[in-house]
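Trainee: Got upload_3.txt for you, compact mmCIF, C-alpha atoms:
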# COMPACT_ATOMS: atom_id res chain seq x y z
CA MET A 183 0.00 0.00 0.00
CA PRO A 184 1.56 3.35 -1.00
CA PHE A 185 2.58 5.50 1.93
CA LEU A 186 1.02 8.64 0.44
CA GLY A 187 -2.33 7.16 -0.54
CA ALA A 188 -3.90 8.39 -3.75
CA LEU A 189 -1.36 11.03 -4.72
CA PRO A 190 0.16 10.75 -8.22
CA ALA A 191 2.83 8.07 -8.63
CA ARG A 192 5.67 10.58 -8.83
CA PHE A 193 4.94 11.53 -5.19
CA ARG A 194 4.75 7.98 -3.87
CA ARG A 195 8.40 7.38 -3.20
CA GLU A 196 8.61 5.59 0.13
CA ARG A 197 11.28 6.26 2.70
CA VAL A 198 12.89 3.20 4.22
CA LEU A 199 15.12 3.69 7.25
CA ILE A 200 17.82 1.11 8.00
CA VAL A 201 19.12 1.18 11.57
CA GLY A 202 22.31 -0.83 11.93
CA CYS A 203 23.44 -0.69 8.30
CA GLY A 204 26.35 -3.11 8.32
CA ASP A 205 26.94 -5.93 5.87
CA VAL A 206 23.38 -7.29 5.94
CA GLY A 207 21.90 -3.79 5.93
CA LEU A 208 23.83 -2.88 2.78
CA ARG A 209 22.71 -6.09 1.11
CA ALA A 210 19.11 -5.36 2.11
CA ALA A 211 19.43 -1.85 0.66
CA ARG A 212 20.45 -3.34 -2.69
CA GLU A 213 17.44 -5.66 -2.57
CA LEU A 214 15.15 -2.75 -1.74
CA GLY A 215 16.46 -0.72 -4.65
CA ALA A 216 15.97 -3.57 -7.09
CA ALA A 217 12.56 -4.65 -5.77
CA GLN A 218 11.10 -1.15 -5.67
CA GLY A 219 12.50 -0.06 -9.01
CA ARG A 220 14.51 2.64 -7.22
CA ARG A 221 11.27 4.26 -6.07
CA ALA A 222 12.17 3.73 -2.42
CA ARG A 223 14.55 6.21 -0.86
CA VAL A 224 16.73 4.30 1.59
CA ILE A 225 18.11 6.20 4.57
CA ALA A 226 20.84 4.68 6.73
CA LEU A 227 21.36 5.72 10.34
CA THR A 228 25.05 5.72 11.23
CA SER A 229 26.89 6.73 14.38
CA SER A 230 30.06 7.31 12.35
CA PRO A 231 30.22 10.44 10.15
CA GLY A 232 33.18 8.82 8.41
CA ARG A 233 30.84 6.27 6.79
CA ALA A 234 28.80 8.91 4.96
CA ASP A 235 30.71 8.59 1.68
CA GLU A 236 30.51 4.80 1.77
CA LEU A 237 26.75 4.90 2.29
CA ARG A 238 26.22 7.50 -0.42
CA GLY A 239 28.29 5.36 -2.78
CA ALA A 240 25.87 2.50 -2.11
CA GLY A 241 22.95 4.72 -3.09
CA LEU A 242 21.80 5.44 0.47
CA THR A 243 21.15 8.71 2.25
CA PRO A 244 23.27 8.81 5.42
CA LEU A 245 21.85 10.24 8.63
CA VAL A 246 24.14 10.62 11.63
CA GLY A 247 22.69 9.51 14.95
CA ASN A 248 23.64 7.24 17.83
CA LEU A 249 21.27 4.81 19.54
CA ASP A 250 23.31 5.27 22.72
CA GLU A 251 22.59 9.00 22.60
CA PRO A 252 18.78 9.33 22.36
CA ALA A 253 18.89 13.11 21.83
CA SER A 254 20.64 12.50 18.48
CA LEU A 255 17.66 10.51 17.19
CA ARG A 256 15.05 13.28 17.09
CA ARG A 257 15.10 13.53 13.29
CA LEU A 258 13.88 9.93 13.04
CA ALA A 259 10.39 10.86 14.28
CA GLY A 260 8.00 10.57 11.35
CA LEU A 261 10.90 10.26 8.90
CA ALA A 262 10.25 6.88 7.27
CA SER A 263 7.29 4.81 6.21
CA ARG A 264 9.16 1.55 6.87
CA VAL A 265 12.00 0.77 9.28
CA LEU A 266 14.50 -2.09 9.26
CA HIS A 267 16.18 -2.39 12.67
CA LEU A 268 19.35 -4.51 12.59
CA ALA A 269 21.36 -2.82 15.35
CA PRO A 270 22.51 -5.20 18.12
CA PRO A 271 21.83 -4.46 21.78
CA PRO A 272 24.65 -2.93 23.83
CA SER A 273 27.15 -5.50 25.02
CA GLN A 274 26.35 -4.50 28.59
CA ASP A 275 24.14 -2.00 30.37
CA MET A 276 24.97 -1.41 34.00
CA SER A 277 21.45 -0.31 34.96
CA ASP A 278 19.88 -3.60 33.89
CA TRP A 279 21.76 -6.30 31.98
CA ARG A 280 18.46 -7.63 30.58
CA MET A 281 17.54 -4.35 28.89
CA ASP A 282 18.22 -3.29 25.28
CA THR A 283 18.47 0.45 25.76
CA ARG A 284 19.11 0.99 22.04
CA THR A 285 15.83 -0.54 20.88
CA ARG A 286 13.99 1.28 23.65
CA ALA A 287 15.44 4.59 22.45
CA LEU A 288 14.49 3.83 18.84
CA VAL A 289 10.94 2.80 19.72
CA ARG A 290 10.42 5.96 21.78
CA VAL A 291 11.36 8.23 18.88
CA LEU A 292 9.35 6.20 16.32
CA ALA A 293 6.29 6.58 18.54
CA GLN A 294 6.46 10.34 18.11
CA ARG A 295 4.64 12.02 15.21
CA THR A 296 3.50 9.68 12.41
CA PRO A 297 4.65 6.10 13.14
CA PRO A 298 5.97 3.88 10.33
CA LEU A 299 3.69 1.51 8.48
CA SER A 300 6.00 -1.41 9.19
CA LEU A 301 8.95 -2.19 11.43
CA VAL A 302 11.18 -5.25 10.96
CA TYR A 303 13.51 -6.22 13.80
CA GLY A 304 16.44 -8.60 13.34
CA SER A 305 16.56 -10.69 16.52
CA THR A 306 18.41 -13.95 17.21
CA THR A 307 17.49 -17.62 17.44
CA GLY A 308 19.41 -17.60 20.73
CA VAL A 309 16.23 -16.44 22.49
CA TYR A 310 15.13 -20.10 22.62
CA GLY A 311 18.11 -21.22 24.67
CA ASP A 312 18.87 -24.93 24.59
CA ARG A 313 16.16 -27.06 23.00
CA GLY A 314 18.08 -30.31 23.17
CA GLY A 315 18.10 -30.59 19.38
CA ALA A 316 14.29 -30.50 19.16
CA TRP A 317 12.50 -29.06 16.16
CA THR A 318 11.26 -25.59 17.07
CA SER A 319 8.55 -23.41 15.56
CA GLU A 320 7.96 -19.71 16.10
CA SER A 321 5.18 -20.47 18.61
CA GLN A 322 7.58 -22.00 21.13
CA PRO A 323 8.21 -19.88 24.26
CA VAL A 324 11.54 -18.12 24.59
CA ARG A 325 14.02 -19.28 27.25
CA PRO A 326 17.14 -17.12 26.96
CA HIS A 327 20.16 -18.59 28.72
CA THR A 328 22.61 -15.71 28.21
CA PRO A 329 22.52 -11.98 28.94
CA ARG A 330 22.79 -11.12 25.24
CA ALA A 331 19.78 -13.33 24.45
CA ALA A 332 17.81 -11.78 27.31
CA ARG A 333 18.45 -8.32 25.84
CA ARG A 334 17.12 -9.55 22.51
CA VAL A 335 13.91 -10.68 24.21
CA ASP A 336 13.58 -7.22 25.72
CA ALA A 337 14.02 -5.70 22.26
CA GLU A 338 11.35 -7.99 20.82
CA ASP A 339 8.97 -6.94 23.59
CA ARG A 340 9.56 -3.25 22.79
CA VAL A 341 8.95 -3.82 19.08
CA ARG A 342 5.71 -5.69 19.82
CA TRP A 343 4.58 -2.89 22.12
CA LEU A 344 5.00 -0.37 19.31
CA GLY A 345 3.05 -2.60 16.97
CA ARG A 346 0.13 -3.04 19.35
CA ALA A 347 0.03 0.53 20.68
CA LEU A 348 0.25 2.36 17.35
CA SER A 349 -0.97 -0.23 14.82
CA VAL A 350 2.48 -0.63 13.30
CA ARG A 351 2.97 -3.87 11.37
CA ALA A 352 5.87 -5.14 13.47
CA SER A 353 7.74 -8.24 12.29
CA ILE A 354 10.52 -10.06 14.12
CA LEU A 355 13.06 -12.10 12.19
CA ARG A 356 14.92 -14.56 14.41
CA ILE A 357 18.32 -14.96 12.80
CA PRO A 358 20.87 -17.80 13.21
CA GLY A 359 24.53 -17.84 12.19
CA ILE A 360 25.06 -15.68 9.10
CA TYR A 361 27.60 -16.79 6.50
CA ALA A 362 28.79 -15.79 3.02
CA ASN A 363 32.07 -16.11 1.19
CA ASP A 364 32.14 -12.34 0.58
CA ARG A 365 31.31 -11.39 4.19
CA ALA A 366 34.04 -10.43 6.65
CA GLY A 367 34.41 -13.40 9.00
CA GLY A 368 31.52 -15.02 7.17
CA THR A 369 33.02 -18.48 6.72
CA PRO A 370 34.71 -21.03 9.01
CA ARG A 371 37.97 -20.74 7.05
CA GLU A 372 39.95 -18.81 9.69
CA ARG A 373 38.84 -21.10 12.47
CA LEU A 374 39.78 -24.12 10.40
CA LEU A 375 43.21 -22.66 9.73
CA ARG A 376 43.68 -22.21 13.49
CA GLY A 377 42.76 -25.85 14.09
CA THR A 378 40.11 -24.98 16.67
CA PRO A 379 38.49 -28.22 17.87
CA VAL A 380 34.81 -29.12 17.68
CA LEU A 381 32.78 -31.48 19.81
CA ARG A 382 32.75 -35.22 19.23
CA PRO A 383 29.49 -36.48 17.67
CA GLU A 384 27.93 -37.73 20.91
CA ASP A 385 28.39 -34.30 22.54
CA ASP A 386 27.68 -32.15 19.48
CA VAL A 387 24.84 -29.66 19.00
CA TYR A 388 22.60 -28.71 16.09
CA THR A 389 23.23 -25.26 14.63
CA ASN A 390 21.27 -23.14 12.18
CA HIS A 391 22.42 -20.99 9.29
CA VAL A 392 21.38 -18.46 6.68
CA HIS A 393 23.30 -16.98 3.77
CA ALA A 394 23.71 -13.20 4.06
CA ASP A 395 22.03 -12.64 0.68
CA ASP A 396 18.99 -14.72 1.64
CA LEU A 397 18.75 -12.88 4.96
CA ALA A 398 18.87 -9.53 3.17
CA ARG A 399 16.05 -10.62 0.89
CA ALA A 400 14.02 -11.77 3.90
CA CYS A 401 14.51 -8.36 5.53
CA ALA A 402 13.35 -6.53 2.41
CA LEU A 403 10.33 -8.78 1.90
CA ALA A 404 9.26 -8.54 5.54
CA LEU A 405 8.96 -4.75 5.25
CA TRP A 406 6.07 -5.29 2.81
CA ARG A 407 4.84 -8.84 3.42
CA GLY A 408 5.45 -9.38 7.13
CA ARG A 409 2.31 -9.98 9.18
CA ALA A 410 1.52 -7.82 12.18
CA GLN A 411 3.26 -8.81 15.44
CA ARG A 412 4.64 -11.94 13.75
CA VAL A 413 7.85 -13.90 14.36
CA VAL A 414 9.59 -15.56 11.41
CA HIS A 415 12.62 -17.86 11.47
CA ALA A 416 15.11 -16.51 8.90
CA VAL A 417 16.89 -19.85 8.54
CA ASP A 418 17.74 -22.11 5.61
CA ASP A 419 16.96 -25.82 5.20
CA THR A 420 20.27 -27.09 6.60
CA GLU A 421 20.07 -29.80 9.27
CA LEU A 422 23.62 -30.23 10.56
CA LYS A 423 25.44 -30.46 13.82
CA MET A 424 28.23 -27.96 14.39
CA GLY A 425 31.08 -30.41 13.86
CA ASP A 426 29.56 -31.68 10.63
CA TYR A 427 29.28 -28.09 9.40
CA PHE A 428 32.98 -27.51 9.98
CA ASP A 429 33.83 -30.84 8.35
CA LEU A 430 31.81 -29.80 5.30
CA ALA A 431 33.55 -26.42 5.14
CA ALA A 432 36.96 -28.05 5.47
CA ASP A 433 36.18 -30.34 2.54
CA VAL A 434 34.95 -27.41 0.43
CA TYR A 435 38.11 -25.38 1.13
CA GLY A 436 40.50 -28.32 0.88
CA LEU A 437 41.61 -27.91 4.51
CA PRO A 438 42.09 -30.50 7.26
CA ARG A 439 39.00 -31.32 9.23
CA PRO A 440 39.06 -29.95 12.81
CA PRO A 441 39.93 -32.22 15.72
CA ARG A 442 37.07 -33.63 17.80
CA VAL A 443 37.09 -33.38 21.59
CA ALA A 444 34.80 -34.32 24.46
CA ARG A 445 32.75 -31.53 26.06
CA ASP A 446 34.83 -31.68 29.25
CA ALA A 447 38.03 -31.17 27.28
CA ALA A 448 36.50 -28.32 25.27
CA GLN A 449 35.90 -26.34 28.46
CA ASP A 450 39.66 -26.18 28.98
CA GLN A 451 40.52 -25.31 25.37
CA LEU A 452 37.88 -22.92 24.04
CA PRO A 453 36.80 -19.36 24.94
CA LEU A 454 33.60 -18.82 26.92
CA MET A 455 31.75 -17.22 24.01
CA LEU A 456 32.33 -20.23 21.78
CA LEU A 457 31.43 -22.61 24.59
CA SER A 458 28.10 -20.82 25.04
CA PHE A 459 27.18 -21.62 21.43
CA MET A 460 28.19 -25.23 22.00
CA GLY A 461 25.78 -25.40 24.92
CA GLU A 462 22.62 -24.81 22.86
CA SER A 463 21.12 -27.23 20.34
CA ARG A 464 18.00 -26.65 18.29
CA ARG A 465 16.54 -27.17 14.81
CA LEU A 466 14.29 -24.44 13.46
CA ARG A 467 11.36 -24.71 11.09
CA ASN A 468 11.15 -22.11 8.32
CA HIS A 469 7.61 -22.58 6.97
CA ARG A 470 6.62 -18.96 7.63
CA LEU A 471 9.69 -17.70 5.80
CA LYS A 472 8.62 -19.56 2.68
CA GLN A 473 4.84 -19.36 2.93
CA GLU A 474 4.22 -15.90 4.41
CA LEU A 475 7.20 -13.91 3.12
CA ARG A 476 7.22 -16.09 -0.01
CA LEU A 477 11.00 -16.20 -0.03
CA ARG A 478 12.62 -18.71 -2.36
CA LEU A 479 16.05 -19.38 -0.91
CA ARG A 480 18.95 -18.91 -3.31
CA TYR A 481 21.09 -21.05 -1.02
CA PRO A 482 18.83 -23.63 0.64
CA THR A 483 21.78 -25.33 2.36
CA VAL A 484 25.24 -24.30 3.55
CA ALA A 485 26.74 -26.83 1.15
CA GLN A 486 25.34 -24.80 -1.75
CA GLY A 487 26.21 -21.46 -0.18
CA LEU A 488 29.83 -22.31 0.64
CA ARG A 489 30.40 -23.67 -2.86
CA ALA A 490 28.83 -20.65 -4.57
How would this structure read if it were set down as structure tokens?
Mentor:
Amino acid sequence: MPFLGALPARFRRERVLIVGCGDVGLRAARELGAAQGRRARVIALTSSPGRADELRGAGLTPLVGNLDEPASLRRLAGLASRVLHLAPPPSQDMSDWRMDTRTRALVRVLAQRTPPLSLVYGSTTGVYGDRGGAWTSESQPVRPHTPRAARRVDAEDRVRWLGRALSVRASILRIPGIYANDRAGGTPRERLLRGTPVLRPEDDVYTNHVHADDLARACALALWRGRAQRVVHAVDDTELKMGDYFDLAADVYGLPRPPRVARDAAQDQLPLMLLSFMGESRRLRNHRLKQELRLRLRYPTVAQGLRA
């Protein structure tokens, strides 16, 4: 539905605001430009004035503002008809470690003046915690096991509040591990070169994946097709345990497969952040991604994506 109703087509150019315009945000901007025939003006919020030229070069309009400084966000009120929010929560907030102060600041300013028609928030599949490898749909309750996942739940709650209070079509994409050969740190290659071990099969956990290009397309589609107050798993069709994923990548890159260790041994050899990922196992259904957003995955599995 056009943002400006029945005005002539030349006045119907929508404004899309991307908050957190990193790698996936830039890919989503390209998808938005192609899908909307360049009729959508894409604005990128950045906290770094030095990125302005980069964003302009990508066809975006840069707007300087910082989610950690709410006073700098005033120009966002009523600015855009659709908002894509990909900014992560702060790594730590001393007032309440469960709170995403950045999303709260964004929601407050969006609630002023005319609210957007749609808001898409990029959350994480980590909000489910450990599911013991069970298949999980979007209707399952969240059980965050880490502070960063708890902050994501807080962000989701803020986004839903905006949707209910002001009739904004708020969509939440729960995102797994993002990979792509042309994404910085987007493949297991460096970890394979370091020889970092993975868990032996009996201790291993299921992980979930999405190619950065498919995620960008999901973000763009959700801005127009996402249902109100709806959660969608932005995951591909891969069903692999973590060790098998690294074995597959090693074979694709012609590198040695990583060593396998027991969970007890891994606790002495691996950093806490990596161990936290090895403590959660789940498999996620993606029916809504395909049926509601009508996304046809370019890379249905990591095997196809890594070989692309």
Trainee: Give me, as a short mmCIF file (atom, residue, chain, number, x, y, z; two decimals) with C-alpha atoms, in the coordinates of the input, all polymer residues having an atom no more than 12 Å from range 362-373 of chain A, counting only C-alpha atoms and skipping those fewer than 6 positions away in the same chain.
Mentor:
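around.cif, written as the output of this step:
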data_model
loop_
_atom_site.label_atom_id
_atom_site.label_comp_id
_atom_site.auth_asym_id
_atom_site.auth_seq_id
_atom_site.Cartn_x
_atom_site.Cartn_y
_atom_site.Cartn_z
CA GLY A 204 26.35 -3.11 8.32
CA ASP A 205 26.94 -5.93 5.87
CA VAL A 206 23.38 -7.29 5.94
CA LEU A 208 23.83 -2.88 2.78
CA ARG A 209 22.71 -6.09 1.11
CA PRO A 379 38.49 -28.22 17.87
CA VAL A 380 34.81 -29.12 17.68
CA HIS A 391 22.42 -20.99 9.29
CA VAL A 392 21.38 -18.46 6.68
CA HIS A 393 23.30 -16.98 3.77
CA ALA A 394 23.71 -13.20 4.06
CA ASP A 395 22.03 -12.64 0.68
CA ASP A 396 18.99 -14.72 1.64
CA LEU A 397 18.75 -12.88 4.96
CA ALA A 398 18.87 -9.53 3.17
CA MET A 424 28.23 -27.96 14.39
CA GLY A 425 31.08 -30.41 13.86
CA ASP A 426 29.56 -31.68 10.63
CA TYR A 427 29.28 -28.09 9.40
CA PHE A 428 32.98 -27.51 9.98
CA ASP A 429 33.83 -30.84 8.35
CA LEU A 430 31.81 -29.80 5.30
CA ALA A 431 33.55 -26.42 5.14
CA ALA A 432 36.96 -28.05 5.47
CA ASP A 433 36.18 -30.34 2.54
CA VAL A 434 34.95 -27.41 0.43
CA TYR A 435 38.11 -25.38 1.13
CA GLY A 436 40.50 -28.32 0.88
CA LEU A 437 41.61 -27.91 4.51
CA PRO A 438 42.09 -30.50 7.26
CA ARG A 439 39.00 -31.32 9.23
CA PRO A 440 39.06 -29.95 12.81
CA PRO A 441 39.93 -32.22 15.72
CA LEU A 452 37.88 -22.92 24.04
CA LEU A 456 32.33 -20.23 21.78
CA TYR A 481 21.09 -21.05 -1.02
CA THR A 483 21.78 -25.33 2.36
CA VAL A 484 25.24 -24.30 3.55
CA ALA A 485 26.74 -26.83 1.15
CA GLN A 486 25.34 -24.80 -1.75
CA GLY A 487 26.21 -21.46 -0.18
CA LEU A 488 29.83 -22.31 0.64
CA ARG A 489 30.40 -23.67 -2.86
CA ALA A 490 28.83 -20.65 -4.57
#
Trainee: Would you work out the distance separating CA of Arg284 in chain A from CA of Thr318 in chain A, expressed in Å to one decimal?
Mentor: 28.2 Å
Trainee: In Å, how far is it from CA of Asn390 in chain A to CA of Asn468 in chain A?
Mentor: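 CA of Asn468 in chain A lies 10.9 Å from CA of Asn390 in chain A.
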Trainee: May I ask for the distance between CA of Pro358 in chain A and CA of Gly308 in chain A, given in Å to one decimal place?
Mentor: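 Interatomic distance here is 7.7 Å.
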Trainee: With only C-alpha atoms counted and 12 Å as the cut-off, give the residues of range 270-295 of chain A in contact with range 339-345 of chain A, each with its shortest interatomic distance in Å and the pair that gives it, as CSV.
Mentor:
residue,atom,partner,partner_atom,distance
A:Arg280,CA,A:Asp339,CA,11.8
A:Met281,CA,A:Arg340,CA,10.1
A:Asp282,CA,A:Arg340,CA,9.0
A:Thr283,CA,A:Arg340,CA,10.1
A:Arg284,CA,A:Arg340,CA,10.5
A:Thr285,CA,A:Arg340,CA,7.1
A:Arg286,CA,A:Arg340,CA,6.4
A:Ala287,CA,A:Arg340,CA,9.8
A:Leu288,CA,A:Val341,CA,9.4
A:Val289,CA,A:Leu344,CA,6.7
A:Arg290,CA,A:Leu344,CA,8.7
A:Val291,CA,A:Leu344,CA,10.7
A:Leu292,CA,A:Leu344,CA,8.4
A:Ala293,CA,A:Leu344,CA,7.1
A:Gln294,CA,A:Leu344,CA,10.9
Trainee: List as a VMD selection string the protein and nucleic acid residues near Thr306 in chain A, meaning an atom at most 10 Å away when only C-alpha atoms are counted, but skip any in the same chain fewer than 4 places from it.
Mentor: chain A and resid 270 310 330 to 331 334 to 335 338 354 to 359 415 to 416
Trainee: Of the candidates A:Ala400, A:Val414, A:Leu199, A:Val387, which one gets nearest to Gly315 in chain A if we count all atoms listed in the file?
Mentor: A:Val387
Trainee: So which residues touch Glu462 in chain A within 8 Å, counting only C-alpha atoms, skipping near sequence neighbours fewer than 3 positions away, as a ChimeraX atom specification?
Mentor: /A:311-314,387-388,458-459
Trainee: Could you tell me which of A:Leu261, A:Ala410, A:Leu299, A:Leu479 comes closest to Arg346 in chain A if we count all atoms listed in the file?
Mentor: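 The answer is A:Ala410, which sits nearest to Arg346 in chain A.
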Trainee: For Val309 in chain A, which of A:Ile200, A:Arg233, A:Asn248, A:Arg464 is the closest residue, counting all atoms listed in the file?
Mentor: A:Arg464
Trainee: When distances are computed from only C-alpha atoms, which of A:Val413, A:Arg223, A:Glu196, A:Asp278 shows the smallest separation from Val324 in chain A?
Mentor: A:Val413
Trainee: Can you fill out range 315-324 of chain A with all heavy atoms and hand it back as a PDB file, in the frame of the given file?
Mentor:
ATOM      1  N   GLY A 315      18.167 -30.097  20.756  1.00  0.00           N
ATOM      2  CA  GLY A 315      18.100 -30.590  19.380  1.00  0.00           C
ATOM      3  C   GLY A 315      16.701 -30.716  18.824  1.00  0.00           C
ATOM      4  O   GLY A 315      16.522 -31.148  17.681  1.00  0.00           O
ATOM      5  N   ALA A 316      15.680 -30.328  19.599  1.00  0.00           N
ATOM      6  CA  ALA A 316      14.290 -30.500  19.160  1.00  0.00           C
ATOM      7  C   ALA A 316      13.948 -29.518  18.038  1.00  0.00           C
ATOM      8  O   ALA A 316      14.480 -28.405  17.980  1.00  0.00           O
ATOM      9  CB  ALA A 316      13.348 -30.287  20.335  1.00  0.00           C
ATOM     10  N   TRP A 317      13.024 -29.964  17.180  1.00  0.00           N
ATOM     11  CA  TRP A 317      12.500 -29.060  16.160  1.00  0.00           C
ATOM     12  C   TRP A 317      11.675 -27.985  16.841  1.00  0.00           C
ATOM     13  O   TRP A 317      10.895 -28.252  17.752  1.00  0.00           O
ATOM     14  CB  TRP A 317      11.635 -29.814  15.157  1.00  0.00           C
ATOM     15  CG  TRP A 317      12.433 -30.573  14.147  1.00  0.00           C
ATOM     16  CD1 TRP A 317      12.660 -31.915  14.106  1.00  0.00           C
ATOM     17  CD2 TRP A 317      13.125 -30.011  13.027  1.00  0.00           C
ATOM     18  NE1 TRP A 317      13.454 -32.229  13.031  1.00  0.00           N
ATOM     19  CE2 TRP A 317      13.757 -31.079  12.356  1.00  0.00           C
ATOM     20  CE3 TRP A 317      13.285 -28.716  12.545  1.00  0.00           C
ATOM     21  CZ2 TRP A 317      14.533 -30.889  11.216  1.00  0.00           C
ATOM     22  CZ3 TRP A 317      14.056 -28.515  11.411  1.00  0.00           C
ATOM     23  CH2 TRP A 317      14.658 -29.600  10.756  1.00  0.00           C
ATOM     24  N   THR A 318      11.844 -26.745  16.381  1.00  0.00           N
ATOM     25  CA  THR A 318      11.260 -25.590  17.070  1.00  0.00           C
ATOM     26  C   THR A 318      10.546 -24.697  16.072  1.00  0.00           C
ATOM     27  O   THR A 318      11.118 -24.315  15.044  1.00  0.00           O
ATOM     28  CB  THR A 318      12.361 -24.791  17.794  1.00  0.00           C
ATOM     29  OG1 THR A 318      13.050 -25.660  18.705  1.00  0.00           O
ATOM     30  CG2 THR A 318      11.779 -23.623  18.565  1.00  0.00           C
ATOM     31  N   SER A 319       9.309 -24.351  16.381  1.00  0.00           N
ATOM     32  CA  SER A 319       8.550 -23.410  15.560  1.00  0.00           C
ATOM     33  C   SER A 319       8.525 -22.059  16.260  1.00  0.00           C
ATOM     34  O   SER A 319       8.931 -21.916  17.417  1.00  0.00           O
ATOM     35  CB  SER A 319       7.117 -23.920  15.350  1.00  0.00           C
ATOM     36  OG  SER A 319       6.400 -23.877  16.577  1.00  0.00           O
ATOM     37  N   GLU A 320       8.004 -21.063  15.549  1.00  0.00           N
ATOM     38  CA  GLU A 320       7.960 -19.710  16.100  1.00  0.00           C
ATOM     39  C   GLU A 320       7.027 -19.575  17.284  1.00  0.00           C
ATOM     40  O   GLU A 320       7.095 -18.590  18.023  1.00  0.00           O
ATOM     41  CB  GLU A 320       7.552 -18.710  15.015  1.00  0.00           C
ATOM     42  CG  GLU A 320       8.582 -18.493  13.912  1.00  0.00           C
ATOM     43  CD  GLU A 320       8.438 -19.445  12.738  1.00  0.00           C
ATOM     44  OE1 GLU A 320       7.717 -20.460  12.892  1.00  0.00           O
ATOM     45  OE2 GLU A 320       9.028 -19.179  11.685  1.00  0.00           O
ATOM     46  N   SER A 321       6.136 -20.550  17.500  1.00  0.00           N
ATOM     47  CA  SER A 321       5.180 -20.470  18.610  1.00  0.00           C
ATOM     48  C   SER A 321       5.764 -20.962  19.931  1.00  0.00           C
ATOM     49  O   SER A 321       5.122 -20.822  20.981  1.00  0.00           O
ATOM     50  CB  SER A 321       3.927 -21.274  18.272  1.00  0.00           C
ATOM     51  OG  SER A 321       4.252 -22.640  18.064  1.00  0.00           O
ATOM     52  N   GLN A 322       6.970 -21.524  19.893  1.00  0.00           N
ATOM     53  CA  GLN A 322       7.580 -22.000  21.130  1.00  0.00           C
ATOM     54  C   GLN A 322       7.966 -20.830  22.032  1.00  0.00           C
ATOM     55  O   GLN A 322       8.400 -19.781  21.551  1.00  0.00           O
ATOM     56  CB  GLN A 322       8.832 -22.832  20.811  1.00  0.00           C
ATOM     57  CG  GLN A 322       8.550 -24.140  20.106  1.00  0.00           C
ATOM     58  CD  GLN A 322       7.810 -25.129  21.002  1.00  0.00           C
ATOM     59  OE1 GLN A 322       7.988 -25.150  22.213  1.00  0.00           O
ATOM     60  NE2 GLN A 322       6.961 -25.946  20.388  1.00  0.00           N
ATOM     61  N   PRO A 323       7.833 -20.970  23.349  1.00  0.00           N
ATOM     62  CA  PRO A 323       8.210 -19.880  24.260  1.00  0.00           C
ATOM     63  C   PRO A 323       9.723 -19.667  24.260  1.00  0.00           C
ATOM     64  O   PRO A 323      10.495 -20.594  24.008  1.00  0.00           O
ATOM     65  CB  PRO A 323       7.721 -20.374  25.625  1.00  0.00           C
ATOM     66  CG  PRO A 323       7.674 -21.875  25.501  1.00  0.00           C
ATOM     67  CD  PRO A 323       7.310 -22.149  24.068  1.00  0.00           C
ATOM     68  N   VAL A 324      10.109 -18.434  24.520  1.00  0.00           N
ATOM     69  CA  VAL A 324      11.540 -18.120  24.590  1.00  0.00           C
ATOM     70  C   VAL A 324      12.068 -18.499  25.978  1.00  0.00           C
ATOM     71  O   VAL A 324      11.352 -18.404  26.975  1.00  0.00           O
ATOM     72  CB  VAL A 324      11.806 -16.631  24.308  1.00  0.00           C
ATOM     73  CG1 VAL A 324      11.388 -16.296  22.889  1.00  0.00           C
ATOM     74  CG2 VAL A 324      11.070 -15.734  25.296  1.00  0.00           C
TER      75      VAL A 324
END
